[in-house]
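K.L.:
As input, take upload-v1.cif (mmCIF, C-alpha atoms):
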```cif
data_final
loop_
_atom_site.label_atom_id
_atom_site.label_comp_id
_atom_site.auth_asym_id
_atom_site.auth_seq_id
_atom_site.Cartn_x
_atom_site.Cartn_y
_atom_site.Cartn_z
CA MET A 1 21.55 -24.34 11.60
CA THR A 2 24.06 -27.10 10.77
CA ARG A 3 26.25 -27.76 7.79
CA ASN A 4 25.01 -31.31 7.34
CA LYS A 5 21.33 -30.45 7.36
CA MET A 6 21.38 -27.27 5.30
CA GLY A 7 24.28 -28.05 2.96
CA LEU A 8 24.56 -24.37 2.11
CA MET A 9 26.69 -22.90 4.85
CA ASN A 10 30.09 -22.82 3.11
CA THR A 11 29.51 -19.42 1.55
CA SER A 12 27.97 -16.13 2.54
CA GLN A 13 25.40 -16.55 -0.22
CA GLY A 14 24.58 -19.99 1.11
CA LYS A 15 23.96 -18.57 4.56
CA THR A 16 21.64 -15.94 3.11
CA ILE A 17 19.68 -18.58 1.19
CA ALA A 18 19.46 -20.77 4.27
CA LYS A 19 18.11 -17.88 6.33
CA SER A 20 15.54 -17.13 3.64
CA TYR A 21 14.07 -20.60 4.16
CA TYR A 22 13.50 -19.76 7.80
CA PHE A 23 11.89 -16.45 6.93
CA ALA A 24 9.59 -18.20 4.44
CA ALA A 25 8.51 -20.69 7.12
CA TYR A 26 7.85 -18.03 9.74
CA GLY A 27 6.24 -15.67 7.21
CA THR A 28 3.76 -18.34 6.11
CA ALA A 29 2.93 -19.07 9.74
CA PHE A 30 2.34 -15.38 10.45
CA ILE A 31 0.02 -14.97 7.47
CA VAL A 32 -2.13 -17.72 8.94
CA LEU A 33 -1.81 -16.20 12.41
CA GLY A 34 -3.11 -12.90 11.04
CA LEU A 35 -6.03 -14.62 9.32
CA ALA A 36 -7.15 -16.30 12.54
CA SER A 37 -6.48 -13.34 14.83
CA ALA A 38 -8.50 -10.86 12.75
CA ALA A 39 -11.40 -13.29 12.32
CA LEU A 40 -12.84 -12.80 15.78
CA GLY A 41 -14.02 -9.21 15.22
CA PRO A 42 -16.09 -9.79 12.04
CA MET A 43 -17.42 -13.08 13.42
CA LEU A 44 -18.42 -11.62 16.80
CA PRO A 45 -22.12 -10.93 16.04
CA TYR A 46 -22.50 -14.33 14.37
CA LEU A 47 -20.84 -16.10 17.30
CA ALA A 48 -23.24 -14.29 19.65
CA ARG A 49 -26.23 -15.55 17.64
CA GLN A 50 -24.78 -19.06 17.45
CA VAL A 51 -24.54 -19.42 21.24
CA ASN A 52 -27.59 -17.19 21.87
CA VAL A 53 -25.99 -14.49 24.06
CA SER A 54 -25.63 -10.69 23.95
CA LEU A 55 -22.66 -8.84 22.51
CA SER A 56 -21.56 -7.93 26.03
CA GLN A 57 -21.50 -11.60 27.02
CA VAL A 58 -19.83 -12.84 23.86
CA SER A 59 -17.07 -10.24 24.30
CA PHE A 60 -15.56 -12.70 26.81
CA VAL A 61 -14.31 -14.67 23.81
CA PHE A 62 -11.53 -12.07 23.65
CA THR A 63 -10.66 -12.96 27.24
CA ALA A 64 -10.65 -16.69 26.49
CA VAL A 65 -8.33 -16.34 23.48
CA SER A 66 -6.05 -13.98 25.34
CA LEU A 67 -5.82 -16.19 28.43
CA GLY A 68 -4.76 -19.06 26.20
CA TYR A 69 -2.39 -16.77 24.33
CA LEU A 70 -0.94 -15.64 27.67
CA LEU A 71 -0.28 -19.22 28.70
CA GLY A 72 1.08 -20.18 25.28
CA SER A 73 3.41 -17.20 24.92
CA ALA A 74 4.73 -17.15 28.50
CA GLY A 75 5.16 -20.91 28.62
CA GLY A 76 6.50 -21.05 25.08
CA GLY A 77 9.11 -18.39 25.83
CA TYR A 78 10.28 -20.34 28.86
CA LEU A 79 10.47 -23.62 26.95
CA LEU A 80 12.33 -22.09 23.98
CA ASP A 81 15.43 -21.74 26.16
CA ARG A 82 15.29 -25.45 26.96
CA PHE A 83 13.87 -27.31 23.96
CA LYS A 84 13.92 -27.10 20.17
CA GLY A 85 11.60 -24.45 18.79
CA HIS A 86 10.22 -26.03 15.62
CA PRO A 87 8.63 -29.11 17.23
CA MET A 88 6.87 -26.77 19.68
CA MET A 89 5.61 -24.60 16.84
CA LEU A 90 4.47 -27.66 14.90
CA VAL A 91 2.34 -28.81 17.84
CA SER A 92 0.87 -25.30 18.15
CA VAL A 93 -0.16 -25.36 14.48
CA LEU A 94 -1.88 -28.74 14.88
CA VAL A 95 -3.70 -27.51 18.01
CA SER A 96 -4.88 -24.41 16.11
CA ILE A 97 -6.24 -26.48 13.21
CA ILE A 98 -8.24 -28.68 15.59
CA ALA A 99 -9.64 -25.68 17.47
CA LEU A 100 -10.68 -23.89 14.27
CA PHE A 101 -12.48 -27.05 13.15
CA PHE A 102 -14.57 -27.27 16.34
CA ILE A 103 -15.50 -23.58 16.81
CA PRO A 104 -18.56 -23.64 14.50
CA LEU A 105 -19.77 -26.95 15.93
CA THR A 106 -20.64 -25.67 19.41
CA SER A 107 -23.83 -23.96 20.56
CA GLN A 108 -22.82 -23.27 24.18
CA LEU A 109 -20.87 -20.21 25.29
CA SER A 110 -18.90 -22.15 27.92
CA LEU A 111 -17.67 -24.71 25.37
CA LEU A 112 -16.89 -21.96 22.86
CA LEU A 113 -14.73 -20.21 25.47
CA VAL A 114 -12.81 -23.44 26.14
CA ILE A 115 -12.14 -24.00 22.43
CA LEU A 116 -10.99 -20.41 21.95
CA PHE A 117 -8.77 -20.74 25.02
CA VAL A 118 -7.07 -23.72 23.36
CA LEU A 119 -6.77 -21.77 20.10
CA GLY A 120 -5.12 -18.95 22.05
CA ILE A 121 -2.52 -21.35 23.45
CA GLY A 122 -1.59 -22.45 19.94
CA GLN A 123 -1.40 -18.86 18.70
CA GLY A 124 0.73 -17.78 21.67
CA VAL A 125 3.33 -20.50 21.14
CA LEU A 126 3.43 -19.82 17.40
CA ASP A 127 3.79 -16.07 17.89
CA VAL A 128 6.55 -16.10 20.50
CA GLY A 129 8.31 -18.94 18.67
CA GLY A 130 8.34 -17.13 15.34
CA ASN A 131 9.57 -13.84 16.79
CA THR A 132 12.25 -15.36 19.02
CA ASN A 133 13.58 -17.74 16.38
CA LEU A 134 13.75 -14.92 13.83
CA LEU A 135 15.78 -12.85 16.32
CA TRP A 136 18.14 -15.80 16.74
CA VAL A 137 18.49 -16.32 12.97
CA TYR A 138 19.18 -12.68 12.02
CA GLN A 139 20.40 -11.25 15.37
CA SER A 140 21.55 -7.60 15.06
CA ARG A 141 20.32 -7.39 11.45
CA VAL A 142 16.79 -8.41 12.36
CA GLY A 143 15.12 -4.99 11.94
CA PRO A 144 13.88 -5.17 8.32
CA TYR A 145 13.13 -8.89 8.61
CA MET A 146 11.13 -8.41 11.80
CA ASN A 147 8.97 -5.76 10.10
CA ALA A 148 8.62 -8.00 7.05
CA LEU A 149 7.53 -10.87 9.31
CA HIS A 150 4.86 -8.71 10.88
CA PHE A 151 3.89 -7.49 7.43
CA CYS A 152 2.96 -11.12 6.78
CA PHE A 153 0.75 -11.05 9.88
CA GLY A 154 -0.85 -7.83 8.64
CA ALA A 155 -1.46 -9.34 5.20
CA GLY A 156 -3.37 -12.20 6.80
CA ALA A 157 -5.31 -9.81 9.03
CA PHE A 158 -6.19 -7.63 6.03
CA LEU A 159 -7.46 -10.56 3.99
CA SER A 160 -9.36 -12.18 6.86
CA PRO A 161 -12.52 -9.97 6.97
CA ILE A 162 -12.80 -10.02 3.17
CA ILE A 163 -12.38 -13.79 2.91
CA LEU A 164 -14.79 -14.42 5.76
CA HIS A 165 -17.38 -12.02 4.33
CA TYR A 166 -17.52 -13.78 0.98
CA VAL A 167 -17.33 -17.28 2.48
CA MET A 168 -20.25 -16.31 4.76
CA ARG A 169 -22.26 -15.18 1.74
CA TRP A 170 -21.39 -18.36 -0.16
CA SER A 171 -22.34 -20.57 2.79
CA GLY A 172 -25.66 -18.82 3.44
CA GLY A 173 -24.63 -17.17 6.70
CA GLN A 174 -23.36 -20.35 8.38
CA LEU A 175 -20.19 -20.27 10.53
CA THR A 176 -18.98 -23.73 9.52
CA TRP A 177 -17.19 -22.94 6.28
CA PRO A 178 -15.52 -19.67 7.36
CA TYR A 179 -13.72 -21.40 10.22
CA TRP A 180 -13.07 -24.60 8.29
CA SER A 181 -11.53 -22.46 5.53
CA LEU A 182 -9.15 -20.98 8.09
CA ALA A 183 -8.26 -24.47 9.30
CA PHE A 184 -7.52 -25.59 5.73
CA LEU A 185 -5.32 -22.52 5.06
CA THR A 186 -3.28 -23.32 8.19
CA ILE A 187 -2.13 -26.73 6.91
CA PRO A 188 0.78 -25.49 4.67
CA THR A 189 2.58 -24.04 7.71
CA ILE A 190 3.32 -27.58 8.88
CA PHE A 191 5.97 -28.23 6.23
CA GLY A 192 8.47 -25.55 7.24
CA PHE A 193 8.63 -26.75 10.84
CA VAL A 194 9.04 -30.36 9.74
CA LEU A 195 11.77 -29.76 7.13
CA LEU A 196 13.94 -27.10 8.83
CA PRO A 197 16.13 -27.67 11.92
CA SER A 198 15.41 -25.41 14.88
CA PRO A 199 17.72 -22.36 15.17
CA LYS A 200 19.74 -21.81 18.34
CA ASN A 201 20.42 -18.73 20.42
CA GLN A 202 24.07 -18.05 19.57
CA GLU A 203 24.28 -15.28 22.18
CA ILE A 204 23.67 -17.45 25.26
CA GLU A 205 27.33 -17.46 26.35
CA GLU A 206 27.64 -13.74 25.75
CA THR A 207 24.45 -13.19 27.75
CA GLU A 208 25.89 -15.06 30.72
CA LYS A 209 29.11 -13.05 30.58
CA ASN A 210 27.21 -9.77 30.45
CA SER A 211 24.28 -10.63 32.71
CA ALA A 212 24.27 -7.12 34.18
CA HIS A 213 23.19 -5.87 30.78
CA ILE A 214 19.84 -7.64 31.03
CA THR A 215 18.91 -7.01 34.66
CA ASN A 216 17.40 -3.51 34.30
CA SER A 217 14.03 -4.41 35.76
CA GLY A 218 12.62 -0.92 35.14
CA LEU A 219 13.30 -1.21 31.40
CA ILE A 220 11.83 -4.69 31.22
CA ILE A 221 8.69 -3.68 33.15
CA GLY A 222 8.29 -0.58 31.00
CA MET A 223 8.55 -2.70 27.84
CA ILE A 224 5.97 -5.15 29.19
CA MET A 225 3.56 -2.29 29.95
CA LEU A 226 4.12 -0.81 26.50
CA PHE A 227 3.35 -4.14 24.84
CA PHE A 228 0.24 -4.36 27.05
CA VAL A 229 -1.13 -0.97 25.99
CA TYR A 230 -0.17 -1.19 22.32
CA VAL A 231 -1.60 -4.65 21.65
CA GLY A 232 -4.74 -3.74 23.59
CA ILE A 233 -5.28 -0.70 21.37
CA GLU A 234 -4.60 -2.67 18.20
CA ASN A 235 -6.86 -5.60 19.08
CA GLY A 236 -9.45 -3.33 20.65
CA PHE A 237 -9.90 -1.23 17.52
CA GLY A 238 -9.51 -4.14 15.11
CA GLY A 239 -11.88 -6.31 17.13
CA TRP A 240 -14.62 -3.73 17.75
CA ILE A 241 -14.64 -1.42 14.72
CA PHE A 242 -16.92 -3.76 12.73
CA THR A 243 -19.47 -3.90 15.55
CA TYR A 244 -19.04 -0.17 16.25
CA VAL A 245 -19.91 0.72 12.65
CA SER A 246 -22.69 -1.83 12.11
CA GLU A 247 -24.47 -1.27 15.43
CA THR A 248 -24.42 2.52 15.17
CA GLU A 249 -25.69 2.23 11.55
CA ILE A 250 -23.18 4.76 10.24
CA THR A 251 -23.08 2.68 7.07
CA THR A 252 -24.03 -0.78 5.80
CA GLU A 253 -22.79 -4.09 7.20
CA THR A 254 -20.85 -4.74 4.00
CA ALA A 255 -19.13 -1.36 4.30
CA ALA A 256 -18.37 -2.17 7.95
CA SER A 257 -16.46 -5.26 6.79
CA PHE A 258 -14.44 -3.16 4.37
CA ILE A 259 -13.74 -0.51 7.02
CA ASN A 260 -12.44 -3.34 9.20
CA SER A 261 -10.29 -4.44 6.26
CA ILE A 262 -9.04 -0.93 5.49
CA PHE A 263 -7.69 -0.75 9.02
CA TRP A 264 -5.79 -4.01 8.57
CA GLY A 265 -4.86 -3.07 5.00
CA ALA A 266 -3.22 0.18 6.10
CA TYR A 267 -1.69 -1.75 8.97
CA THR A 268 -0.18 -4.15 6.44
CA LEU A 269 1.03 -1.36 4.15
CA GLY A 270 2.65 0.38 7.10
CA ARG A 271 4.67 -2.70 7.95
CA LEU A 272 5.82 -2.95 4.35
CA LEU A 273 6.90 0.70 4.38
CA ALA A 274 8.67 0.12 7.71
CA VAL A 275 11.05 -2.43 6.12
CA PRO A 276 13.23 0.28 4.45
CA LEU A 277 12.45 2.87 7.14
CA THR A 278 14.05 0.77 9.89
CA ARG A 279 17.33 0.95 7.97
CA LYS A 280 17.35 4.77 8.19
CA ILE A 281 15.31 5.76 11.26
CA LYS A 282 16.15 4.80 14.82
CA ALA A 283 13.63 2.56 16.52
CA ALA A 284 12.91 5.10 19.27
CA HIS A 285 12.15 7.89 16.78
CA LEU A 286 9.94 5.66 14.67
CA LEU A 287 7.93 4.62 17.73
CA LEU A 288 7.38 8.23 18.81
CA GLY A 289 6.01 9.01 15.36
CA ASN A 290 3.73 5.96 15.49
CA PHE A 291 2.06 7.02 18.72
CA PHE A 292 1.75 10.67 17.69
CA LEU A 293 -0.06 9.72 14.48
CA ALA A 294 -2.33 7.29 16.35
CA ILE A 295 -3.44 10.13 18.63
CA ILE A 296 -4.16 12.40 15.64
CA PHE A 297 -6.36 9.85 13.82
CA LEU A 298 -8.31 8.85 16.93
CA ILE A 299 -9.04 12.54 17.58
CA LEU A 300 -10.28 12.82 13.97
CA ILE A 301 -12.85 10.05 14.56
CA ILE A 302 -13.94 11.64 17.86
CA ILE A 303 -14.40 15.10 16.31
CA PHE A 304 -16.50 13.69 13.43
CA PRO A 305 -18.20 10.62 14.98
CA SER A 306 -20.96 10.32 12.35
CA ASN A 307 -18.92 11.27 9.31
CA ASN A 308 -18.37 8.30 7.00
CA LEU A 309 -15.25 9.79 5.38
CA ALA A 310 -13.68 10.57 8.76
CA LEU A 311 -14.29 6.97 9.80
CA TRP A 312 -12.59 5.59 6.69
CA VAL A 313 -9.65 8.02 6.93
CA GLY A 314 -9.34 7.56 10.69
CA SER A 315 -9.40 3.76 10.47
CA ALA A 316 -6.83 3.69 7.67
CA GLY A 317 -4.64 6.26 9.40
CA LEU A 318 -4.75 4.44 12.71
CA GLY A 319 -3.81 1.17 11.02
CA LEU A 320 -0.86 2.91 9.36
CA ALA A 321 0.20 4.53 12.64
CA LEU A 322 0.08 1.32 14.66
CA SER A 323 1.57 -0.90 11.98
CA SER A 324 5.24 -0.99 12.90
CA VAL A 325 4.99 -0.58 16.69
CA PHE A 326 5.20 -4.25 17.68
CA PRO A 327 8.19 -5.29 15.53
CA THR A 328 9.97 -2.00 16.25
CA LEU A 329 9.53 -2.58 19.99
CA LEU A 330 11.21 -5.96 19.54
CA VAL A 331 14.04 -4.30 17.61
CA LEU A 332 14.41 -1.71 20.38
CA GLY A 333 14.52 -4.53 22.93
CA GLU A 334 17.11 -6.44 20.89
CA SER A 335 19.38 -3.39 20.78
CA ARG A 336 19.21 -2.83 24.55
CA LEU A 337 18.80 -6.35 25.95
CA ARG A 338 20.14 -9.84 25.26
CA ILE A 339 16.99 -11.51 24.01
CA THR A 340 16.32 -14.94 25.46
CA GLY A 341 13.14 -16.96 25.23
CA ARG A 342 12.31 -15.93 28.79
CA ILE A 343 12.57 -12.19 28.08
CA THR A 344 10.57 -12.51 24.86
CA GLY A 345 8.00 -14.50 26.81
CA LEU A 346 7.69 -11.62 29.30
CA PHE A 347 7.10 -9.17 26.44
CA PHE A 348 4.41 -11.44 25.07
CA LEU A 349 2.94 -11.82 28.53
CA GLY A 350 2.28 -8.09 28.48
CA SER A 351 0.85 -8.21 24.96
CA SER A 352 -1.44 -11.11 25.78
CA LEU A 353 -2.76 -9.37 28.89
CA GLY A 354 -3.47 -6.29 26.78
CA SER A 355 -5.29 -8.26 24.09
CA MET A 356 -7.29 -10.00 26.84
CA LEU A 357 -8.31 -7.10 29.05
CA ILE A 358 -8.65 -4.06 26.80
CA PRO A 359 -11.09 -5.54 24.21
CA MET A 360 -13.14 -6.89 27.13
CA LEU A 361 -13.09 -3.41 28.69
CA LEU A 362 -14.28 -1.92 25.40
CA GLY A 363 -17.15 -4.41 25.33
CA GLN A 364 -18.34 -3.24 28.72
CA VAL A 365 -17.90 0.41 27.69
CA PHE A 366 -19.95 -0.26 24.53
CA GLU A 367 -22.75 -1.91 26.48
CA ARG A 368 -22.99 0.62 29.32
CA PHE A 369 -21.99 3.98 27.85
CA GLY A 370 -22.47 3.66 24.08
CA SER A 371 -20.33 3.26 21.00
CA PHE A 372 -18.78 6.75 21.01
CA HIS A 373 -16.88 6.06 24.22
CA ILE A 374 -15.05 3.13 22.65
CA ILE A 375 -12.97 5.59 20.62
CA THR A 376 -12.59 7.91 23.63
CA THR A 377 -11.25 5.02 25.72
CA LEU A 378 -8.78 4.10 22.98
CA LEU A 379 -7.53 7.69 22.82
CA ILE A 380 -6.91 7.77 26.59
CA LEU A 381 -4.99 4.50 26.34
CA THR A 382 -2.90 5.86 23.46
CA PHE A 383 -1.89 8.92 25.50
CA PHE A 384 -0.97 6.57 28.35
CA GLY A 385 1.11 4.43 25.99
CA PHE A 386 2.87 7.53 24.67
CA GLY A 387 3.95 8.40 28.20
CA ILE A 388 5.24 4.86 28.82
CA LEU A 389 7.18 5.00 25.55
CA ILE A 390 8.99 8.16 26.65
CA PHE A 391 9.91 6.40 29.91
CA VAL A 392 11.15 3.30 28.04
CA ILE A 393 13.29 5.35 25.65
CA PHE A 394 14.81 7.35 28.50
CA THR A 395 15.48 4.21 30.56
CA SER A 396 16.90 2.24 27.63
CA ASN A 397 19.22 5.11 26.67
CA ASN A 398 20.53 5.31 30.23
CA THR A 399 21.02 1.52 30.31
CA LYS A 400 22.89 1.58 27.02
CA GLU A 401 25.19 4.39 28.17
CA LYS A 402 25.87 2.66 31.50
CA HIS A 403 26.75 -0.59 29.73
CA ARG A 404 29.02 1.28 27.32
CA SER A 405 30.84 2.97 30.23
CA GLN A 406 31.31 -0.34 32.04
CA ARG A 407 32.71 -1.91 28.89
CA ASN A 408 35.17 0.98 28.40
CA LEU A 409 36.40 0.62 31.99
CA ARG A 410 37.33 -2.98 31.28
#
```
Now, as a test, write the supplied structure out as structure tokens.
P.N.:
Amino acid sequence: MTRNKMGLMNTSQGKTIAKSYYFAAYGTAFIVLGLASAALGPMLPYLARQVNVSLSQVSFVFTAVSLGYLLGSAGGGYLLDRFKGHPMMLVSVLVSIIALFFIPLTSQLSLLLVILFVLGIGQGVLDVGGNTNLLWVYQSRVGPYMNALHFCFGAGAFLSPIILHYVMRWSGGQLTWPYWSLAFLTIPTIFGFVLLPSPKNQEIEETEKNSAHITNSGLIIGMIMLFFVYVGIENGFGGWIFTYVSETEITTETAASFINSIFWGAYTLGRLLAVPLTRKIKAAHLLLGNFFLAIIFLILIIIFPSNNLALWVGSAGLGLALSSVFPTLLVLGESRLRITGRITGLFFLGSSLGSMLIPMLLGQVFERFGSFHIITTLLILTFFGFGILIFVIFTSNNTKEKHRSQRNLR
């Protein structure tokens, strides 16, 4: 941010207003990101029919998107330390619009996978760029704003199945208009990245002086694994719950769309509630509560697998439980590590691998062992994530105490 470009930096109020412009730009981008990310689950059966393959085969679309996301987030994180962020994010938005336009125009699985791979690259750059730049804008005060940013993502994800359902009905079951609608809704995100100057990492010099503070490889690896498991659970449930409900005929296809939406709706509400909670509850404690609740609601669905009410309550509860994990993990990382584009890129590398491999795993479980074992697999993964979280908290506390002791010795 510069005085000449913003013209508002002479006062504290001016700085706050200037920062709000950045949040508006990133928030708009994350609404669109949520719309596109949550679209794949409800569209999965229709995509399978379009390219004439089975659900097991079409589940590789998750892999294609996630491979692109992996490349976009890891590469984007690396480039953020070297180039301006907003031009990169602008290119990612344009790439996403083009990919969304071409998805309904292909009838071959191989070409569909290529297009979704490209879409994943755009989403990865946009995601890591928005999170990293927000950390640089707000720094130590990022907690509430990070949860608010991811609330925007959840809002888009909540609206996506509903919008797509009614656009599908309006278009007579054709895929063209649902994806073209998403492309059209992405266009407004262009303006923020064109009009605002790219923020800079103001902690680079401090990072270099305190490089020992960011070299705890165990903490970084633990955080990467935690992002891997969490995002896999989130995308796995959000991506497969529609198919799980509709294929097992627990209820109607329309109700399946709304169950998908109730998951993302509770997910969105949870991120809104987390905005004030992060001011009062430590990140570590909030994360422990998130995982504990996720275990409870998955067990509820397993105990009553054919109960419609249990499915609604379990889906809503799981969405609420998972809602604040991702932004709170970033806040935990910011409080223990000096966040650079490279470190954020590593976190997103873990998340992209999780979103790539775990939904694909669930597709194979669905095909070979049946729908019930999808929820069982998610529960096992949640227990595993809970164990990693305890390790991360313990390691990060030790790192923080060690750094504090070193600083006192000086």
K.L.:
Dump as a Markdown table the rows for residues of region 14-113 of chain A within 12 Å of region 260-270 of chain A: closest atom pair and distance in Å with one decimal, all atoms listed in the file counted, ordered by chain and rising residue number.
P.N.:
```
| residue | atom | partner | partner_atom | distance |
| --- | --- | --- | --- | --- |
| A:Ile31 | CA | A:Thr268 | CA | 10.9 |
| A:Gly34 | CA | A:Trp264 | CA | 9.6 |
| A:Leu35 | CA | A:Trp264 | CA | 10.6 |
| A:Ser37 | CA | A:Trp264 | CA | 11.3 |
| A:Ala38 | CA | A:Trp264 | CA | 8.5 |
| A:Ala39 | CA | A:Asn260 | CA | 10.5 |
| A:Leu40 | CA | A:Asn260 | CA | 11.5 |
| A:Gly41 | CA | A:Asn260 | CA | 8.6 |
| A:Pro42 | CA | A:Asn260 | CA | 7.9 |
| A:Met43 | CA | A:Asn260 | CA | 11.7 |
```
K.L.:
For each of A:Thr254, A:Val32, A:Ile281, A:Ile163, take the minimum atom-to-atom distance to Leu332 (chain A), counting only C-alpha atoms, then give the residue where this is smallest.
P.N.:
A:Ile281
K.L.:
Take the PyMOL selection byres ((chain A and resi 144) around 9), apply it to the structure above, and return the hits as a PyMOL selection string.
P.N.:
chain A and resi 141-143+145-149+274-279
K.L.:
Name the residues that the PyMOL selection byres ((chain A and resi 25-27) around 10) picks from the file above, as a count of residues only, using the file's chain letters and numbers.
P.N.:
35
K.L.:
Could you name the residues that touch region 66-82 of chain A at 8 Å or less, counting all atoms listed in the file, but leaving out those on the same chain fewer than 5 positions away, as a count of residues only?
P.N.:
28
K.L.:
Here is a test: counting all atoms listed in the file, which residue of A:Thr377, A:Gln364, A:Gln108, A:Thr382 is nearest to Val229 (chain A)?
P.N.:
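Between A:Thr377, A:Gln364, A:Gln108, A:Thr382, the residue approaching Val229 (chain A) most closely is A:Thr382.
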K.L.:
Kindly give the distance, in Å, that separates CA of Gly350 (chain A) and CA of Phe228 (chain A), rounded to a single decimal.
P.N.:
4.5 Å
K.L.:
List, as an MDAnalysis selection string, every residue that the PyMOL selection byres ((chain A and resi 222) around 8) selects in the file provided.
P.N.:
chainID A and resid 218:221 223:226 388:389 391:392
